[in-house]
Amino acid sequence: MLYLIGLGLDKDDLSLKAIKTIKDCEKVYLETYTTELPYSKIEIEKIIKKNITEIQRGLIENKSYKLIKEAEKQDIALLVYGDPLAATTHLSLLLESKKAKVKFKVLHNASIFNAISQTGLQLYKFGKTTSIPK
């Protein structure tokens, strides 16, 4: 199974459900191309007590879909800063998983999209959104 897990906006945002799920996975990946984490990978590893492999865009978006192939045989976690479905890249990964008949589950978390409401404005007041990979 493939688990797409949101890290939230701070290392302390990881839910108990997310931590338990990650600990049950055989492999844990961290998507590192859409943003730079405001904390280190090591800090997350201390929380989950597992090693994390950083992956770049190619391993998620290329046609080989390495993660999907691995998720056919074992539980895989892909950690994403913020909420995992805020970026179309991750939605594409789920659609490809569905085509391959690989089970998946999404664990949502806080993102800049809902944190922006602290300004007193609603998200739709800001116009179209876009990702600028680092």
# chains A, B, ... in the order shown; residues from 1 in each chain; ligands from 1

call {"tool": "residues_around", "arguments": {"residues": "range 27-43 of chain A", "least_positions_apart": "6", "cutoff": "6 Å", "atoms": "only C-alpha atoms", "output": "PyMOL selection string"}}
result
chain A and resi 52-56+76-80+133-134

call {"tool": "write_last_selection", "arguments": {"atoms": "N, CA and C atoms", "output": "mmCIF file, in the first residue's frame"}}
result
data_model
loop_
_atom_site.group_PDB
_atom_site.id
_atom_site.type_symbol
_atom_site.label_atom_id
_atom_site.label_comp_id
_atom_site.auth_asym_id
_atom_site.auth_seq_id
_atom_site.Cartn_x
_atom_site.Cartn_y
_atom_site.Cartn_z
ATOM 1 N N ILE A 52 14.765 7.919 6.672
ATOM 2 C CA ILE A 52 13.982 8.490 5.581
ATOM 3 C C ILE A 52 14.888 8.671 4.377
ATOM 4 N N THR A 53 14.387 8.301 3.213
ATOM 5 C CA THR A 53 15.095 8.508 1.959
ATOM 6 C C THR A 53 14.488 9.708 1.246
ATOM 7 N N GLU A 54 15.328 10.711 0.972
ATOM 8 C CA GLU A 54 14.846 11.875 0.217
ATOM 9 C C GLU A 54 14.747 11.498 -1.256
ATOM 10 N N ILE A 55 13.660 11.940 -1.900
ATOM 11 C CA ILE A 55 13.519 11.679 -3.331
ATOM 12 C C ILE A 55 13.196 12.972 -4.066
ATOM 13 N N GLN A 56 13.613 13.003 -5.292
ATOM 14 C CA GLN A 56 13.393 14.166 -6.143
ATOM 15 C C GLN A 56 12.218 13.907 -7.084
ATOM 16 N N ILE A 76 4.568 1.557 1.767
ATOM 17 C CA ILE A 76 5.476 2.657 1.479
ATOM 18 C C ILE A 76 4.834 3.955 1.955
ATOM 19 N N ALA A 77 5.609 4.818 2.598
ATOM 20 C CA ALA A 77 5.112 6.141 2.995
ATOM 21 C C ALA A 77 5.857 7.203 2.198
ATOM 22 N N LEU A 78 5.110 8.133 1.640
ATOM 23 C CA LEU A 78 5.691 9.301 0.998
ATOM 24 C C LEU A 78 5.285 10.514 1.824
ATOM 25 N N LEU A 79 6.262 11.144 2.459
ATOM 26 C CA LEU A 79 6.013 12.305 3.309
ATOM 27 C C LEU A 79 6.119 13.571 2.467
ATOM 28 N N VAL A 80 5.140 14.462 2.659
ATOM 29 C CA VAL A 80 5.069 15.693 1.888
ATOM 30 C C VAL A 80 4.849 16.852 2.848
ATOM 31 N N PRO A 133 8.741 24.900 -7.631
ATOM 32 C CA PRO A 133 9.706 23.982 -7.042
ATOM 33 C C PRO A 133 11.049 24.660 -6.846
ATOM 34 N N LYS A 134 11.706 24.312 -5.743
ATOM 35 C CA LYS A 134 13.006 24.943 -5.451
ATOM 36 C C LYS A 134 14.069 24.456 -6.413
#

call {"tool": "select_by_dssp", "arguments": {"residues": "chain A", "states": "helix (DSSP H, G or I)", "output": "ChimeraX atom specification"}}
result
/A:11-13,16-24,41-48,57-61,66-71,84-86,88-99,112-119,123-126

call {"tool": "write_last_selection", "arguments": {"atoms": "C-alpha atoms", "output": "short mmCIF file (atom, residue, chain, number, x, y, z; two decimals), in the first residue's frame"}}
result
data_model
loop_
_atom_site.label_atom_id
_atom_site.label_comp_id
_atom_site.auth_asym_id
_atom_site.auth_seq_id
_atom_site.Cartn_x
_atom_site.Cartn_y
_atom_site.Cartn_z
CA LYS A 11 7.59 19.06 12.72
CA ASP A 12 5.18 19.01 15.67
CA ASP A 13 2.17 18.89 13.30
CA LEU A 16 -0.38 10.29 16.09
CA LYS A 17 -2.11 8.43 13.25
CA ALA A 18 0.60 9.54 10.81
CA ILE A 19 3.41 8.51 13.17
CA LYS A 20 1.85 5.07 13.71
CA THR A 21 1.33 4.59 9.96
CA ILE A 22 4.91 5.61 9.17
CA LYS A 23 6.30 3.23 11.79
CA ASP A 24 4.33 0.38 10.17
CA LYS A 41 15.08 15.41 7.96
CA ILE A 42 16.94 14.18 11.04
CA GLU A 43 14.35 15.85 13.30
CA ILE A 44 11.57 13.86 11.60
CA GLU A 45 13.62 10.66 11.80
CA LYS A 46 13.93 11.14 15.57
CA ILE A 47 10.14 11.44 15.88
CA ILE A 48 9.31 8.40 13.73
CA ARG A 57 10.68 14.90 -8.69
CA GLY A 58 11.85 12.29 -11.21
CA LEU A 59 11.11 9.36 -8.92
CA ILE A 60 7.54 10.53 -8.45
CA GLU A 61 6.70 11.77 -11.93
CA LYS A 66 9.08 3.27 -8.81
CA LEU A 67 7.01 4.07 -5.70
CA ILE A 68 3.91 2.41 -7.12
CA LYS A 69 5.87 -0.71 -8.02
CA GLU A 70 7.30 -0.87 -4.51
CA ALA A 71 3.85 -0.32 -3.00
CA PRO A 84 -0.07 16.08 0.18
CA LEU A 85 -2.90 16.92 -2.23
CA ALA A 86 -2.14 20.63 -2.49
CA THR A 88 -1.06 18.13 -8.64
CA THR A 89 2.08 15.96 -8.73
CA HIS A 90 0.84 13.95 -5.80
CA LEU A 91 -2.67 13.66 -7.21
CA SER A 92 -1.15 12.25 -10.40
CA LEU A 93 0.69 9.67 -8.32
CA LEU A 94 -2.61 8.55 -6.77
CA LEU A 95 -4.31 8.35 -10.16
CA GLU A 96 -1.47 6.17 -11.45
CA SER A 97 -1.75 4.00 -8.33
CA LYS A 98 -5.42 3.53 -9.03
CA LYS A 99 -4.70 2.54 -12.65
CA ILE A 112 -0.25 27.17 3.63
CA PHE A 113 -3.63 27.05 1.88
CA ASN A 114 -5.56 26.89 5.13
CA ALA A 115 -3.00 28.84 7.19
CA ILE A 116 -3.53 31.86 4.94
CA SER A 117 -6.91 32.43 6.62
CA GLN A 118 -5.00 34.08 9.50
CA THR A 119 -4.84 37.14 7.27
CA LEU A 123 -8.11 31.58 -0.03
CA TYR A 124 -10.17 32.37 -3.12
CA LYS A 125 -9.46 36.10 -2.61
CA PHE A 126 -5.81 35.50 -3.55
#

call {"tool": "select_by_dssp", "arguments": {"residues": "chain A", "states": "strand (DSSP E)", "output": "list in words"}}
result
Leu2, Tyr3, Leu4, Ile5, Gly6, Lys27, Val28, Tyr29, Leu30, Glu31, Thr53, Glu54, Ile55, Ile76, Ala77, Leu78, Leu79, Val80, Phe104, Lys105, Val106 and Leu107 of chain A

call {"tool": "closest_residue", "arguments": {"among": "A:Leu14, A:Cys25, A:Leu7, A:Val102", "to": "Asp83 in chain A", "atoms": "only C-alpha atoms"}}
result
A:Leu7

call {"tool": "residues_around", "arguments": {"residues": "Tyr81 in chain A", "least_positions_apart": "3", "cutoff": "7 Å", "atoms": "only C-alpha atoms", "output": "PDB file with C-alpha atoms, in the first residue's frame"}}
result
ATOM      1  CA  GLY A   6       1.186  15.366   5.039  1.00  0.00           C
ATOM      2  CA  LEU A   7       3.777  16.698   7.464  1.00  0.00           C
ATOM      3  CA  GLY A   8       1.923  19.930   8.175  1.00  0.00           C
ATOM      4  CA  LEU A   9       3.759  23.229   8.603  1.00  0.00           C
TER       5      LEU A   9
END

call {"tool": "atom_distance", "arguments": {"atom1": "CA of Asn109 in chain A", "atom2": "CA of Gln74 in chain A"}}
result
23.6 Å

call {"tool": "atom_distance", "arguments": {"atom1": "CA of Tyr3 in chain A", "atom2": "CA of Tyr65 in chain A"}}
result
14.5 Å

call {"tool": "atom_distance", "arguments": {"atom1": "CA of His108 in chain A", "atom2": "CA of Gly82 in chain A"}}
result
8.3 Å

call {"tool": "decode", "arguments": {"residues": "range 2-31 of chain A", "atoms": "N, CA and C atoms", "output": "PDB file, in the first residue's frame"}}
result
ATOM      1  N   LEU A   2       0.403   2.284  -0.648  1.00  0.00           N
ATOM      2  CA  LEU A   2       1.095   3.561  -0.690  1.00  0.00           C
ATOM      3  C   LEU A   2       0.374   4.540   0.229  1.00  0.00           C
ATOM      4  N   TYR A   3       1.109   5.107   1.152  1.00  0.00           N
ATOM      5  CA  TYR A   3       0.563   6.125   2.054  1.00  0.00           C
ATOM      6  C   TYR A   3       1.158   7.470   1.674  1.00  0.00           C
ATOM      7  N   LEU A   4       0.301   8.419   1.403  1.00  0.00           N
ATOM      8  CA  LEU A   4       0.713   9.783   1.114  1.00  0.00           C
ATOM      9  C   LEU A   4       0.401  10.600   2.362  1.00  0.00           C
ATOM     10  N   ILE A   5       1.444  11.062   3.050  1.00  0.00           N
ATOM     11  CA  ILE A   5       1.275  11.631   4.390  1.00  0.00           C
ATOM     12  C   ILE A   5       1.749  13.078   4.447  1.00  0.00           C
ATOM     13  N   GLY A   6       0.851  13.962   4.870  1.00  0.00           N
ATOM     14  CA  GLY A   6       1.186  15.366   5.039  1.00  0.00           C
ATOM     15  C   GLY A   6       1.920  15.601   6.346  1.00  0.00           C
ATOM     16  N   LEU A   7       2.989  16.382   6.271  1.00  0.00           N
ATOM     17  CA  LEU A   7       3.777  16.698   7.464  1.00  0.00           C
ATOM     18  C   LEU A   7       3.256  17.933   8.200  1.00  0.00           C
ATOM     19  N   GLY A   8       2.376  18.688   7.568  1.00  0.00           N
ATOM     20  CA  GLY A   8       1.923  19.930   8.175  1.00  0.00           C
ATOM     21  C   GLY A   8       2.962  21.016   7.966  1.00  0.00           C
ATOM     22  N   LEU A   9       2.878  22.079   8.765  1.00  0.00           N
ATOM     23  CA  LEU A   9       3.759  23.229   8.603  1.00  0.00           C
ATOM     24  C   LEU A   9       4.923  23.248   9.594  1.00  0.00           C
ATOM     25  N   ASP A  10       4.893  22.340  10.547  1.00  0.00           N
ATOM     26  CA  ASP A  10       5.933  22.285  11.576  1.00  0.00           C
ATOM     27  C   ASP A  10       6.138  20.817  11.932  1.00  0.00           C
ATOM     28  N   LYS A  11       7.324  20.471  12.389  1.00  0.00           N
ATOM     29  CA  LYS A  11       7.586  19.059  12.718  1.00  0.00           C
ATOM     30  C   LYS A  11       6.645  18.532  13.799  1.00  0.00           C
ATOM     31  N   ASP A  12       6.111  19.424  14.616  1.00  0.00           N
ATOM     32  CA  ASP A  12       5.183  19.013  15.671  1.00  0.00           C
ATOM     33  C   ASP A  12       3.751  18.823  15.166  1.00  0.00           C
ATOM     34  N   ASP A  13       3.512  19.055  13.878  1.00  0.00           N
ATOM     35  CA  ASP A  13       2.174  18.888  13.298  1.00  0.00           C
ATOM     36  C   ASP A  13       1.847  17.442  12.938  1.00  0.00           C
ATOM     37  N   LEU A  14       2.835  16.570  12.947  1.00  0.00           N
ATOM     38  CA  LEU A  14       2.572  15.163  12.609  1.00  0.00           C
ATOM     39  C   LEU A  14       1.565  14.575  13.588  1.00  0.00           C
ATOM     40  N   SER A  15       0.516  13.980  13.048  1.00  0.00           N
ATOM     41  CA  SER A  15      -0.505  13.395  13.917  1.00  0.00           C
ATOM     42  C   SER A  15      -0.041  12.051  14.468  1.00  0.00           C
ATOM     43  N   LEU A  16      -0.684  11.614  15.531  1.00  0.00           N
ATOM     44  CA  LEU A  16      -0.379  10.292  16.086  1.00  0.00           C
ATOM     45  C   LEU A  16      -0.675   9.206  15.058  1.00  0.00           C
ATOM     46  N   LYS A  17      -1.748   9.388  14.302  1.00  0.00           N
ATOM     47  CA  LYS A  17      -2.115   8.431  13.247  1.00  0.00           C
ATOM     48  C   LYS A  17      -1.012   8.358  12.187  1.00  0.00           C
ATOM     49  N   ALA A  18      -0.471   9.513  11.806  1.00  0.00           N
ATOM     50  CA  ALA A  18       0.604   9.540  10.810  1.00  0.00           C
ATOM     51  C   ALA A  18       1.850   8.843  11.342  1.00  0.00           C
ATOM     52  N   ILE A  19       2.215   9.125  12.570  1.00  0.00           N
ATOM     53  CA  ILE A  19       3.406   8.506  13.166  1.00  0.00           C
ATOM     54  C   ILE A  19       3.255   6.990  13.221  1.00  0.00           C
ATOM     55  N   LYS A  20       2.087   6.520  13.650  1.00  0.00           N
ATOM     56  CA  LYS A  20       1.846   5.072  13.706  1.00  0.00           C
ATOM     57  C   LYS A  20       1.932   4.454  12.311  1.00  0.00           C
ATOM     58  N   THR A  21       1.313   5.098  11.334  1.00  0.00           N
ATOM     59  CA  THR A  21       1.326   4.585   9.965  1.00  0.00           C
ATOM     60  C   THR A  21       2.753   4.518   9.434  1.00  0.00           C
ATOM     61  N   ILE A  22       3.521   5.576   9.641  1.00  0.00           N
ATOM     62  CA  ILE A  22       4.912   5.615   9.168  1.00  0.00           C
ATOM     63  C   ILE A  22       5.732   4.499   9.811  1.00  0.00           C
ATOM     64  N   LYS A  23       5.552   4.286  11.092  1.00  0.00           N
ATOM     65  CA  LYS A  23       6.303   3.234  11.788  1.00  0.00           C
ATOM     66  C   LYS A  23       5.971   1.851  11.240  1.00  0.00           C
ATOM     67  N   ASP A  24       4.746   1.671  10.717  1.00  0.00           N
ATOM     68  CA  ASP A  24       4.333   0.385  10.171  1.00  0.00           C
ATOM     69  C   ASP A  24       4.814   0.158   8.736  1.00  0.00           C
ATOM     70  N   CYS A  25       5.332   1.195   8.086  1.00  0.00           N
ATOM     71  CA  CYS A  25       5.784   1.081   6.696  1.00  0.00           C
ATOM     72  C   CYS A  25       7.199   0.516   6.610  1.00  0.00           C
ATOM     73  N   GLU A  26       7.423  -0.234   5.532  1.00  0.00           N
ATOM     74  CA  GLU A  26       8.760  -0.792   5.305  1.00  0.00           C
ATOM     75  C   GLU A  26       9.736   0.272   4.811  1.00  0.00           C
ATOM     76  N   LYS A  27       9.249   1.199   3.989  1.00  0.00           N
ATOM     77  CA  LYS A  27      10.106   2.259   3.461  1.00  0.00           C
ATOM     78  C   LYS A  27       9.411   3.605   3.643  1.00  0.00           C
ATOM     79  N   VAL A  28      10.243   4.619   3.926  1.00  0.00           N
ATOM     80  CA  VAL A  28       9.726   5.976   4.120  1.00  0.00           C
ATOM     81  C   VAL A  28      10.518   6.922   3.225  1.00  0.00           C
ATOM     82  N   TYR A  29       9.784   7.637   2.379  1.00  0.00           N
ATOM     83  CA  TYR A  29      10.384   8.607   1.483  1.00  0.00           C
ATOM     84  C   TYR A  29       9.925  10.009   1.863  1.00  0.00           C
ATOM     85  N   LEU A  30      10.771  10.983   1.565  1.00  0.00           N
ATOM     86  CA  LEU A  30      10.451  12.381   1.802  1.00  0.00           C
ATOM     87  C   LEU A  30      10.598  13.131   0.487  1.00  0.00           C
ATOM     88  N   GLU A  31       9.507  13.728   0.049  1.00  0.00           N
ATOM     89  CA  GLU A  31       9.522  14.520  -1.175  1.00  0.00           C
ATOM     90  C   GLU A  31      10.170  15.854  -0.859  1.00  0.00           C
TER      91      GLU A  31
END
